[in-house]
file my_file-v8.tsv (TSV, N, CA and C atoms)
chain	number	residue	atom	x	y	z
K	297	MET	N	89.97	26.14	-11.09
K	297	MET	CA	89.71	25.23	-12.18
K	297	MET	C	90.27	25.83	-13.46
K	298	SER	N	90.98	25.06	-14.23
K	298	SER	CA	91.56	25.51	-15.49
K	298	SER	C	90.99	24.66	-16.62
K	299	LYS	N	90.55	25.34	-17.67
K	299	LYS	CA	89.97	24.63	-18.80
K	299	LYS	C	90.06	25.51	-20.03
K	300	THR	N	90.18	24.90	-21.19
K	300	THR	CA	90.19	25.63	-22.45
K	300	THR	C	88.78	25.65	-23.01
K	301	TYR	N	88.33	26.80	-23.47
K	301	TYR	CA	87.01	26.95	-24.06
K	301	TYR	C	87.18	27.29	-25.53
K	302	PRO	N	86.39	26.65	-26.41
K	302	PRO	CA	86.60	26.83	-27.83
K	302	PRO	C	86.26	28.22	-28.36
K	303	ASN	N	85.30	28.92	-27.77
K	303	ASN	CA	84.97	30.27	-28.22
K	303	ASN	C	85.73	31.27	-27.36
K	304	THR	N	86.67	31.96	-27.97
K	304	THR	CA	87.50	32.87	-27.19
K	304	THR	C	87.72	34.19	-27.92
K	305	ALA	N	88.03	35.20	-27.13
K	305	ALA	CA	88.46	36.49	-27.66
K	305	ALA	C	89.83	36.78	-27.05
K	306	LEU	N	90.81	37.05	-27.90
K	306	LEU	CA	92.11	37.50	-27.42
K	306	LEU	C	92.01	39.01	-27.30
K	307	ILE	N	92.16	39.52	-26.08
K	307	ILE	CA	92.09	40.96	-25.83
K	307	ILE	C	93.52	41.46	-25.62
K	308	ILE	N	93.92	42.45	-26.42
K	308	ILE	CA	95.25	43.04	-26.34
K	308	ILE	C	95.10	44.49	-25.93
K	309	ASN	N	95.84	44.90	-24.90
K	309	ASN	CA	95.79	46.28	-24.42
K	309	ASN	C	97.00	47.05	-24.93
K	310	LYS	N	96.78	47.91	-25.92
K	310	LYS	CA	97.82	48.81	-26.43
K	310	LYS	C	97.58	50.24	-25.94
K	311	ALA	N	96.69	50.39	-24.96
K	311	ALA	CA	96.38	51.72	-24.40
K	311	ALA	C	97.39	52.07	-23.32
K	312	ARG	N	97.31	53.32	-22.86
K	312	ARG	CA	98.25	53.80	-21.84
K	312	ARG	C	97.91	53.34	-20.43
K	313	ASN	N	96.65	52.94	-20.19
K	313	ASN	CA	96.21	52.58	-18.85
K	313	ASN	C	95.58	51.20	-18.81
K	314	THR	N	95.32	50.73	-17.60
K	314	THR	CA	94.72	49.43	-17.38
K	314	THR	C	93.28	49.39	-17.89
K	315	ILE	N	92.90	48.27	-18.46
K	315	ILE	CA	91.54	48.01	-18.89
K	315	ILE	C	90.98	46.90	-18.00
K	316	THR	N	89.80	47.13	-17.43
K	316	THR	CA	89.14	46.11	-16.63
K	316	THR	C	88.12	45.40	-17.50
K	317	ILE	N	88.16	44.06	-17.48
K	317	ILE	CA	87.24	43.25	-18.29
K	317	ILE	C	86.31	42.51	-17.34
K	318	ASP	N	85.02	42.63	-17.57
K	318	ASP	CA	84.02	41.96	-16.74
K	318	ASP	C	82.91	41.45	-17.66
K	319	ARG	N	82.03	40.62	-17.11
K	319	ARG	CA	80.92	40.13	-17.93
K	319	ARG	C	79.84	41.21	-18.00
K	320	ASP	N	79.18	41.25	-19.13
K	320	ASP	CA	78.04	42.12	-19.32
K	320	ASP	C	76.92	41.63	-18.41
K	321	PRO	N	76.29	42.50	-17.60
K	321	PRO	CA	75.23	42.04	-16.70
K	321	PRO	C	74.02	41.45	-17.43
K	322	ASN	N	73.88	41.73	-18.72
K	322	ASN	CA	72.81	41.11	-19.50
K	322	ASN	C	73.05	39.62	-19.74
K	323	PHE	N	74.29	39.17	-19.53
K	323	PHE	CA	74.66	37.77	-19.66
K	323	PHE	C	74.81	37.20	-18.25
K	324	ASP	N	73.72	37.23	-17.48
K	324	ASP	CA	73.81	36.93	-16.05
K	324	ASP	C	74.18	35.50	-15.71
K	325	ASP	N	74.02	34.55	-16.63
K	325	ASP	CA	74.42	33.17	-16.36
K	325	ASP	C	75.83	32.86	-16.86
K	326	MET	N	76.48	33.83	-17.47
K	326	MET	CA	77.79	33.60	-18.05
K	326	MET	C	78.89	33.70	-17.00
K	327	ILE	N	79.84	32.80	-17.10
K	327	ILE	CA	81.04	32.84	-16.27
K	327	ILE	C	82.22	33.06	-17.21
K	328	LEU	N	83.10	34.01	-16.89
K	328	LEU	CA	84.25	34.26	-17.74
K	328	LEU	C	85.44	33.41	-17.30
K	329	VAL	N	86.28	33.10	-18.29
K	329	VAL	CA	87.48	32.31	-18.09
K	329	VAL	C	88.63	33.10	-18.70
K	330	PHE	N	89.60	33.47	-17.87
K	330	PHE	CA	90.74	34.27	-18.34
K	330	PHE	C	91.98	33.39	-18.39
K	331	ASP	N	92.55	33.23	-19.60
K	331	ASP	CA	93.70	32.35	-19.80
K	331	ASP	C	93.49	30.98	-19.15
K	332	GLY	N	92.27	30.44	-19.32
K	332	GLY	CA	91.97	29.10	-18.86
K	332	GLY	C	91.58	28.98	-17.40
K	333	VAL	N	91.53	30.10	-16.67
K	333	VAL	CA	91.19	30.07	-15.25
K	333	VAL	C	89.83	30.74	-15.04
K	334	VAL	N	88.90	30.00	-14.44
K	334	VAL	CA	87.57	30.52	-14.16
K	334	VAL	C	87.67	31.71	-13.21
K	335	ALA	N	86.96	32.79	-13.54
K	335	ALA	CA	87.03	34.01	-12.73
K	335	ALA	C	85.65	34.38	-12.21
K	336	HIS	N	85.61	34.80	-10.97
K	336	HIS	CA	84.36	35.28	-10.38
K	336	HIS	C	84.45	36.75	-10.05
K	337	SER	N	85.47	37.41	-10.61
K	337	SER	CA	85.64	38.86	-10.43
K	337	SER	C	86.25	39.42	-11.70
K	338	PRO	N	86.19	40.74	-11.89
K	338	PRO	CA	86.75	41.36	-13.09
K	338	PRO	C	88.25	41.12	-13.21
K	339	PHE	N	88.74	41.19	-14.44
K	339	PHE	CA	90.15	40.96	-14.75
K	339	PHE	C	90.80	42.30	-15.09
K	340	GLN	N	91.96	42.58	-14.52
K	340	GLN	CA	92.70	43.80	-14.79
K	340	GLN	C	93.77	43.51	-15.85
K	341	LEU	N	93.65	44.15	-17.01
K	341	LEU	CA	94.60	43.95	-18.10
K	341	LEU	C	95.50	45.17	-18.22
K	342	SER	N	96.75	45.00	-17.83
K	342	SER	CA	97.72	46.10	-17.84
K	342	SER	C	98.11	46.46	-19.28
K	343	PRO	N	98.64	47.68	-19.46
K	343	PRO	CA	99.12	48.08	-20.79
K	343	PRO	C	100.17	47.10	-21.31
K	344	GLU	N	100.13	46.87	-22.62
K	344	GLU	CA	101.06	45.98	-23.32
K	344	GLU	C	100.91	44.52	-22.94
K	345	LYS	N	99.80	44.15	-22.31
K	345	LYS	CA	99.52	42.76	-21.96
K	345	LYS	C	98.35	42.26	-22.79
K	346	GLN	N	98.13	40.95	-22.77
K	346	GLN	CA	97.01	40.34	-23.48
K	346	GLN	C	96.47	39.19	-22.66
K	347	VAL	N	95.19	38.83	-22.94
K	347	VAL	CA	94.55	37.73	-22.24
K	347	VAL	C	93.54	37.07	-23.17
K	348	HIS	N	93.46	35.74	-23.11
K	348	HIS	CA	92.41	35.00	-23.81
K	348	HIS	C	91.20	34.92	-22.89
K	349	VAL	N	90.04	35.34	-23.40
K	349	VAL	CA	88.81	35.33	-22.62
K	349	VAL	C	87.86	34.31	-23.23
K	350	GLY	N	87.41	33.36	-22.42
K	350	GLY	CA	86.41	32.39	-22.82
K	350	GLY	C	85.20	32.55	-21.93
K	351	SER	N	84.14	31.81	-22.23
K	351	SER	CA	82.94	31.95	-21.40
K	351	SER	C	82.17	30.65	-21.37
K	352	THR	N	81.28	30.57	-20.39
K	352	THR	CA	80.36	29.47	-20.27
K	352	THR	C	79.08	29.98	-19.65
K	353	TYR	N	77.97	29.38	-20.00
K	353	TYR	CA	76.70	29.71	-19.36
K	353	TYR	C	76.32	28.66	-18.33
K	354	ASP	N	77.10	27.60	-18.25
K	354	ASP	CA	76.79	26.48	-17.38
K	354	ASP	C	77.39	26.74	-15.99
K	355	ALA	N	76.58	26.68	-14.96
K	355	ALA	CA	77.04	26.99	-13.61
K	355	ALA	C	78.17	26.08	-13.15
K	356	ASP	N	78.24	24.85	-13.69
K	356	ASP	CA	79.34	23.99	-13.27
K	356	ASP	C	80.54	24.11	-14.21
K	357	VAL	N	80.54	25.13	-15.07
K	357	VAL	CA	81.60	25.45	-16.03
K	357	VAL	C	82.11	24.23	-16.79
K	358	SER	N	81.22	23.34	-17.16
K	358	SER	CA	81.64	22.15	-17.90
K	358	SER	C	81.42	22.27	-19.40
K	359	THR	N	80.72	23.30	-19.84
K	359	THR	CA	80.49	23.47	-21.27
K	359	THR	C	80.79	24.90	-21.68
K	360	SER	N	81.11	25.09	-22.94
K	360	SER	CA	81.43	26.44	-23.43
K	360	SER	C	80.18	27.16	-23.86
K	361	GLY	N	80.21	28.48	-23.77
K	361	GLY	CA	79.10	29.29	-24.25
K	361	GLY	C	79.27	29.59	-25.72
K	362	GLY	N	78.19	30.01	-26.38
K	362	GLY	CA	78.25	30.32	-27.80
K	362	GLY	C	78.72	31.73	-28.05
K	363	ASP	N	78.15	32.69	-27.33
K	363	ASP	CA	78.58	34.07	-27.51
K	363	ASP	C	78.95	34.65	-26.14
K	364	MET	N	79.56	35.82	-26.18
K	364	MET	CA	80.04	36.46	-24.95
K	364	MET	C	79.61	37.90	-24.92
K	365	GLY	N	79.32	38.40	-23.73
K	365	GLY	CA	79.08	39.82	-23.52
K	365	GLY	C	80.11	40.32	-22.54
K	366	LEU	N	80.95	41.25	-22.98
K	366	LEU	CA	82.03	41.76	-22.14
K	366	LEU	C	81.85	43.25	-21.90
K	367	CYS	N	82.16	43.68	-20.68
K	367	CYS	CA	82.17	45.11	-20.33
K	367	CYS	C	83.61	45.54	-20.11
K	368	PHE	N	83.92	46.72	-20.59
K	368	PHE	CA	85.27	47.25	-20.43
K	368	PHE	C	85.22	48.56	-19.67
K	369	THR	N	86.08	48.68	-18.68
K	369	THR	CA	86.25	49.92	-17.92
K	369	THR	C	87.69	50.36	-18.13
K	370	TYR	N	87.87	51.64	-18.34
K	370	TYR	CA	89.21	52.15	-18.65
K	370	TYR	C	89.69	53.08	-17.55
K	371	ASN	N	90.89	52.82	-17.06
K	371	ASN	CA	91.52	53.69	-16.08
K	371	ASN	C	90.63	53.91	-14.86
K	372	SER	N	89.95	52.85	-14.41
K	372	SER	CA	89.10	52.85	-13.21
K	372	SER	C	87.90	53.78	-13.29
K	373	ASP	N	87.53	54.25	-14.48
K	373	ASP	CA	86.32	55.07	-14.64
K	373	ASP	C	85.11	54.16	-14.72
K	374	GLU	N	83.94	54.75	-14.87
K	374	GLU	CA	82.71	53.99	-15.03
K	374	GLU	C	82.81	53.07	-16.25
K	375	ARG	N	82.03	51.99	-16.24
K	375	ARG	CA	81.98	51.11	-17.40
K	375	ARG	C	81.55	51.96	-18.59
K	376	TYR	N	82.26	51.83	-19.70
K	376	TYR	CA	81.90	52.67	-20.83
K	376	TYR	C	81.64	51.90	-22.12
K	377	MET	N	82.05	50.66	-22.19
K	377	MET	CA	81.84	49.95	-23.43
K	377	MET	C	81.40	48.52	-23.15
K	378	GLU	N	80.40	48.07	-23.87
K	378	GLU	CA	79.97	46.68	-23.82
K	378	GLU	C	80.13	46.11	-25.22
K	379	VAL	N	80.72	44.93	-25.32
K	379	VAL	CA	80.93	44.30	-26.61
K	379	VAL	C	80.36	42.90	-26.56
K	380	GLY	N	79.48	42.58	-27.49
K	380	GLY	CA	78.95	41.23	-27.63
K	380	GLY	C	79.63	40.55	-28.79
K	381	SER	N	80.09	39.33	-28.61
K	381	SER	CA	80.75	38.59	-29.68
K	381	SER	C	80.05	37.26	-29.88
K	382	GLY	N	80.01	36.80	-31.11
K	382	GLY	CA	79.39	35.52	-31.42
K	382	GLY	C	79.56	35.21	-32.88
K	383	GLN	N	79.02	34.08	-33.32
K	383	GLN	CA	79.15	33.70	-34.71
K	383	GLN	C	78.20	34.52	-35.58
K	384	ALA	N	78.73	35.00	-36.69
K	384	ALA	CA	77.92	35.74	-37.65
K	384	ALA	C	76.90	34.81	-38.28
K	385	VAL	N	75.73	35.30	-38.51
K	385	VAL	CA	74.66	34.49	-39.09
K	385	VAL	C	74.57	34.77	-40.59
K	386	GLY	N	74.31	33.74	-41.37
K	386	GLY	CA	74.07	33.91	-42.79
K	386	GLY	C	75.31	33.90	-43.66
K	387	LEU	N	76.47	33.63	-43.11
K	387	LEU	CA	77.68	33.55	-43.92
K	387	LEU	C	77.92	32.10	-44.31
K	388	SER	N	78.54	31.89	-45.48
K	388	SER	CA	78.84	30.52	-45.89
K	388	SER	C	79.86	29.89	-44.96
K	389	SER	N	80.75	30.71	-44.42
K	389	SER	CA	81.72	30.25	-43.43
K	389	SER	C	81.58	31.15	-42.21
K	390	PRO	N	80.80	30.73	-41.19
K	390	PRO	CA	80.55	31.61	-40.03
K	390	PRO	C	81.84	32.05	-39.36
K	391	GLN	N	81.88	33.32	-38.97
K	391	GLN	CA	83.03	33.85	-38.25
K	391	GLN	C	82.58	34.43	-36.93
K	392	PHE	N	83.42	34.25	-35.92
K	392	PHE	CA	83.20	34.87	-34.62
K	392	PHE	C	83.50	36.35	-34.80
K	393	GLN	N	82.57	37.21	-34.42
K	393	GLN	CA	82.75	38.63	-34.67
K	393	GLN	C	82.06	39.45	-33.59
K	394	VAL	N	82.32	40.76	-33.59
K	394	VAL	CA	81.60	41.67	-32.71
K	394	VAL	C	80.20	41.81	-33.28
K	395	ILE	N	79.19	41.41	-32.50
K	395	ILE	CA	77.82	41.47	-32.99
K	395	ILE	C	77.04	42.63	-32.38
K	396	SER	N	77.58	43.24	-31.35
K	396	SER	CA	76.98	44.45	-30.80
K	396	SER	C	78.06	45.25	-30.09
K	397	ASP	N	77.85	46.55	-30.02
K	397	ASP	CA	78.86	47.45	-29.48
K	397	ASP	C	78.12	48.67	-28.94
K	398	SER	N	78.28	48.96	-27.66
K	398	SER	CA	77.55	50.07	-27.04
K	398	SER	C	78.11	51.43	-27.45
K	399	GLU	N	79.21	51.46	-28.15
K	399	GLU	CA	79.84	52.74	-28.49
K	399	GLU	C	79.54	53.19	-29.91
K	400	ASP	N	78.32	53.00	-30.39
K	400	ASP	CA	78.01	53.39	-31.75
K	400	ASP	C	78.02	54.90	-31.96
K	401	ASP	N	78.03	55.66	-30.86
K	401	ASP	CA	78.10	57.13	-30.98
K	401	ASP	C	79.53	57.63	-31.00
K	402	GLY	N	80.52	56.73	-30.89
K	402	GLY	CA	81.92	57.14	-30.93
K	402	GLY	C	82.45	57.67	-29.61
K	403	GLY	N	81.64	57.63	-28.53
K	403	GLY	CA	82.09	58.12	-27.24
K	403	GLY	C	83.09	57.17	-26.60
K	404	GLY	N	83.68	57.62	-25.50
K	404	GLY	CA	84.64	56.78	-24.78
K	404	GLY	C	86.07	57.03	-25.21
K	405	PRO	N	87.03	56.68	-24.36
K	405	PRO	CA	88.43	57.00	-24.61
K	405	PRO	C	89.18	55.99	-25.47
K	406	LEU	N	88.59	54.83	-25.75
K	406	LEU	CA	89.30	53.78	-26.47
K	406	LEU	C	88.63	53.45	-27.80
K	407	VAL	N	89.43	52.89	-28.68
K	407	VAL	CA	88.92	52.27	-29.89
K	407	VAL	C	89.47	50.84	-29.90
K	408	TYR	N	88.80	49.97	-30.63
K	408	TYR	CA	89.32	48.61	-30.77
K	408	TYR	C	89.30	48.22	-32.23
K	409	VAL	N	90.20	47.32	-32.59
K	409	VAL	CA	90.28	46.80	-33.94
K	409	VAL	C	90.11	45.29	-33.88
K	410	PRO	N	89.06	44.75	-34.51
K	410	PRO	CA	88.91	43.29	-34.56
K	410	PRO	C	89.74	42.70	-35.70
K	411	THR	N	90.46	41.62	-35.42
K	411	THR	CA	91.27	40.94	-36.44
K	411	THR	C	91.24	39.44	-36.19
K	412	ASP	N	91.80	38.70	-37.11
K	412	ASP	CA	92.04	37.26	-36.96
K	412	ASP	C	90.81	36.47	-36.57
K	413	ALA	N	89.67	36.79	-37.15
K	413	ALA	CA	88.44	36.07	-36.82
K	413	ALA	C	88.43	34.69	-37.46
K	414	THR	N	88.04	33.69	-36.66
K	414	THR	CA	87.78	32.35	-37.15
K	414	THR	C	86.34	32.03	-36.77
K	415	ASP	N	85.93	30.79	-36.93
K	415	ASP	CA	84.57	30.45	-36.54
K	415	ASP	C	84.40	30.36	-35.02
K	416	THR	N	85.50	30.34	-34.27
K	416	THR	CA	85.40	30.22	-32.80
K	416	THR	C	86.20	31.27	-32.03
K	417	SER	N	86.86	32.19	-32.72
K	417	SER	CA	87.69	33.15	-31.97
K	417	SER	C	87.83	34.47	-32.73
K	418	ILE	N	88.27	35.48	-31.98
K	418	ILE	CA	88.52	36.80	-32.55
K	418	ILE	C	89.58	37.48	-31.68
K	419	THR	N	90.34	38.38	-32.28
K	419	THR	CA	91.29	39.21	-31.55
K	419	THR	C	90.76	40.64	-31.54
K	420	LEU	N	90.73	41.27	-30.35
K	420	LEU	CA	90.33	42.67	-30.21
K	420	LEU	C	91.50	43.42	-29.59
K	421	THR	N	92.06	44.36	-30.36
K	421	THR	CA	93.18	45.18	-29.87
K	421	THR	C	92.63	46.56	-29.51
K	422	PHE	N	92.80	46.94	-28.24
K	422	PHE	CA	92.32	48.22	-27.74
K	422	PHE	C	93.47	49.22	-27.69
K	423	LYS	N	93.18	50.48	-28.06
K	423	LYS	CA	94.17	51.55	-27.95
K	423	LYS	C	93.46	52.86	-27.64
K	424	ASP	N	94.22	53.84	-27.18
K	424	ASP	CA	93.68	55.16	-26.89
K	424	ASP	C	93.27	55.84	-28.19
K	425	LYS	N	92.20	56.63	-28.13
K	425	LYS	CA	91.77	57.40	-29.29
K	425	LYS	C	92.78	58.50	-29.63
K	426	SER	N	93.38	59.07	-28.61
K	426	SER	CA	94.32	60.18	-28.89
K	426	SER	C	95.70	59.83	-28.45

call {"tool": "encode", "arguments": {"input": "my_file-v8.tsv", "output": "structure tokens"}}
result
Amino acid sequence: MSKTYPNTALIINKARNTITIDRDPNFDDMILVFDGVVAHSPFQLSPEKQVHVGSTYDADVSTSGGDMGLCFTYNSDERYMEVGSGQAVGLSSPQFQVISDSEDDGGGPLVYVPTDATDTSITLTFKDKS
């Protein structure tokens, strides 16, 4: 099934190795959509590639979700980063942004830069720390 979802994150891999993108287990009703295709397994994002990630909480994938919880695994290691995205609260013009991040201690091999936020989308560019 292919469908466009209004809330999306463009994930760009500028790192040296593959990044695996999966749903955060805390979002157990969420289904991820990669470049418009519903996925029931993690997505492998090769270096220098990008993918639009959308989500839905509806089991029949007929409606879009409001926020997303994504897990990232780098170079086939254990899951190391969880990122929650959604609309910022209390702004005159709400923007889709990173609302939680499991890497507040600075651990892990990657960093990401959020850019191009609108009320329904954000771009996250991942790269190696070193």

call {"tool": "closest_residue", "arguments": {"input": "my_file-v8.tsv", "among": "K:Ser342, K:Cys367, K:Asp331, K:Thr411", "to": "Asp318 of chain K", "atoms": "only C-alpha atoms"}}
result
K:Cys367

call {"tool": "residues_near_point", "arguments": {"input": "my_file-v8.tsv", "point": "(79.1, 41.4, -18.1)", "cutoff": "8 Å", "atoms": "all atoms listed in the file", "output": "PyMOL selection string"}}
result
chain K and resi 317-324+326+364-368+378

call {"tool": "atom_distance", "arguments": {"input": "my_file-v8.tsv", "atom1": "atom CA of Leu328 of chain K", "atom2": "atom CA of Pro405 of chain K"}}
result
24.1 Å

call {"tool": "closest_residue", "arguments": {"input": "my_file-v8.tsv", "among": "K:Thr419, K:Ser426, K:Thr414, K:Gln346", "to": "Thr316 of chain K", "atoms": "only C-alpha atoms"}}
result
K:Gln346

call {"tool": "closest_residue", "arguments": {"input": "my_file-v8.tsv", "among": "K:Thr369, K:Thr304, K:Ser337, K:Thr416", "to": "Val349 of chain K", "atoms": "only N, CA and C atoms"}}
result
K:Thr304

call {"tool": "residues_around", "arguments": {"input": "my_file-v8.tsv", "residues": "Pro410 of chain K", "least_positions_apart": "5", "cutoff": "7 Å", "atoms": "only C-alpha atoms", "output": "PyMOL selection string"}}
result
chain K and resi 418-421

call {"tool": "atom_distance", "arguments": {"input": "my_file-v8.tsv", "atom1": "atom CA of Ala335 of chain K", "atom2": "atom CA of Ile315 of chain K"}}
result
15.9 Å

call {"tool": "atom_distance", "arguments": {"input": "my_file-v8.tsv", "atom1": "atom N of Asp415 of chain K", "atom2": "atom CA of Ala305 of chain K"}}
result
11.2 Å

call {"tool": "closest_residue", "arguments": {"input": "my_file-v8.tsv", "among": "K:Ile308, K:Asp363, K:Tyr370, K:Phe330", "to": "Pro343 of chain K", "atoms": "all atoms listed in the file"}}
result
K:Ile308

call {"tool": "closest_residue", "arguments": {"input": "my_file-v8.tsv", "among": "K:Pro338, K:Val333, K:Glu344, K:Tyr408", "to": "Asn309 of chain K", "atoms": "all atoms listed in the file"}}
result
K:Glu344

call {"tool": "decode", "arguments": {"input": "my_file-v8.tsv", "residues": "segment 308-370 of chain K", "atoms": "C-alpha atoms", "output": "PDB file, in the first residue's frame"}}
result
ATOM      1  CA  ILE K 308      19.311  12.027   5.556  1.00  0.00           C
ATOM      2  CA  ASN K 309      22.276   9.739   6.219  1.00  0.00           C
ATOM      3  CA  LYS K 310      25.599  11.596   5.919  1.00  0.00           C
ATOM      4  CA  ALA K 311      27.346   9.021   8.149  1.00  0.00           C
ATOM      5  CA  ARG K 312      29.873   6.419   7.012  1.00  0.00           C
ATOM      6  CA  ASN K 313      27.629   3.416   7.745  1.00  0.00           C
ATOM      7  CA  THR K 314      24.044   2.247   7.382  1.00  0.00           C
ATOM      8  CA  ILE K 315      21.418   3.567   9.793  1.00  0.00           C
ATOM      9  CA  THR K 316      18.467   1.334  10.654  1.00  0.00           C
ATOM     10  CA  ILE K 317      15.178   3.149  11.319  1.00  0.00           C
ATOM     11  CA  ASP K 318      12.428   1.438  13.297  1.00  0.00           C
ATOM     12  CA  ARG K 319       9.453   2.501  15.389  1.00  0.00           C
ATOM     13  CA  ASP K 320       9.964   3.252  19.052  1.00  0.00           C
ATOM     14  CA  PRO K 321       8.389   0.362  21.031  1.00  0.00           C
ATOM     15  CA  ASN K 322       6.647   2.964  23.214  1.00  0.00           C
ATOM     16  CA  PHE K 323       4.574   3.809  20.107  1.00  0.00           C
ATOM     17  CA  ASP K 324       3.179   0.283  19.870  1.00  0.00           C
ATOM     18  CA  ASP K 325       0.170   1.200  17.687  1.00  0.00           C
ATOM     19  CA  MET K 326       2.243   3.193  15.214  1.00  0.00           C
ATOM     20  CA  ILE K 327       2.966   1.924  11.719  1.00  0.00           C
ATOM     21  CA  LEU K 328       5.820   3.538   9.793  1.00  0.00           C
ATOM     22  CA  VAL K 329       5.627   4.536   6.147  1.00  0.00           C
ATOM     23  CA  PHE K 330       8.902   4.892   4.211  1.00  0.00           C
ATOM     24  CA  ASP K 331       8.693   6.940   0.995  1.00  0.00           C
ATOM     25  CA  GLY K 332       4.952   6.274   0.898  1.00  0.00           C
ATOM     26  CA  VAL K 333       5.181   2.500   1.403  1.00  0.00           C
ATOM     27  CA  VAL K 334       3.811   0.945   4.595  1.00  0.00           C
ATOM     28  CA  ALA K 335       6.536  -1.018   6.399  1.00  0.00           C
ATOM     29  CA  HIS K 336       6.232  -3.820   8.909  1.00  0.00           C
ATOM     30  CA  SER K 337       9.985  -4.138   9.411  1.00  0.00           C
ATOM     31  CA  PRO K 338      12.907  -1.749  10.016  1.00  0.00           C
ATOM     32  CA  PHE K 339      14.264   0.338   7.136  1.00  0.00           C
ATOM     33  CA  GLN K 340      17.957   0.273   6.180  1.00  0.00           C
ATOM     34  CA  LEU K 341      19.212   3.726   5.140  1.00  0.00           C
ATOM     35  CA  SER K 342      22.547   3.528   3.331  1.00  0.00           C
ATOM     36  CA  PRO K 343      25.160   6.302   3.499  1.00  0.00           C
ATOM     37  CA  GLU K 344      24.401   9.321   1.279  1.00  0.00           C
ATOM     38  CA  LYS K 345      20.737   8.264   0.950  1.00  0.00           C
ATOM     39  CA  GLN K 346      17.552   9.802   2.314  1.00  0.00           C
ATOM     40  CA  VAL K 347      14.004   8.672   3.089  1.00  0.00           C
ATOM     41  CA  HIS K 348      10.714  10.352   3.999  1.00  0.00           C
ATOM     42  CA  VAL K 349       9.242   8.715   7.100  1.00  0.00           C
ATOM     43  CA  GLY K 350       5.542   9.054   7.918  1.00  0.00           C
ATOM     44  CA  SER K 351       3.432   7.319  10.521  1.00  0.00           C
ATOM     45  CA  THR K 352      -0.040   6.263  11.478  1.00  0.00           C
ATOM     46  CA  TYR K 353      -1.602   4.902  14.636  1.00  0.00           C
ATOM     47  CA  ASP K 354      -4.550   3.424  12.772  1.00  0.00           C
ATOM     48  CA  ALA K 355      -4.254  -0.324  12.149  1.00  0.00           C
ATOM     49  CA  ASP K 356      -5.853   0.043   8.716  1.00  0.00           C
ATOM     50  CA  VAL K 357      -3.308   2.803   7.858  1.00  0.00           C
ATOM     51  CA  SER K 358      -6.061   5.119   6.655  1.00  0.00           C
ATOM     52  CA  THR K 359      -5.189   8.107   8.834  1.00  0.00           C
ATOM     53  CA  SER K 360      -1.983   9.916   9.708  1.00  0.00           C
ATOM     54  CA  GLY K 361      -0.494  10.047  13.174  1.00  0.00           C
ATOM     55  CA  GLY K 362       0.268  13.290  14.984  1.00  0.00           C
ATOM     56  CA  ASP K 363       3.708  12.507  16.337  1.00  0.00           C
ATOM     57  CA  MET K 364       6.313   9.829  15.701  1.00  0.00           C
ATOM     58  CA  GLY K 365       8.720   7.824  17.811  1.00  0.00           C
ATOM     59  CA  LEU K 366      11.711   6.543  15.865  1.00  0.00           C
ATOM     60  CA  CYS K 367      14.594   4.305  16.942  1.00  0.00           C
ATOM     61  CA  PHE K 368      17.943   4.458  15.207  1.00  0.00           C
ATOM     62  CA  THR K 369      20.565   1.725  15.122  1.00  0.00           C
ATOM     63  CA  TYR K 370      23.969   2.464  13.656  1.00  0.00           C
TER      64      TYR K 370
END
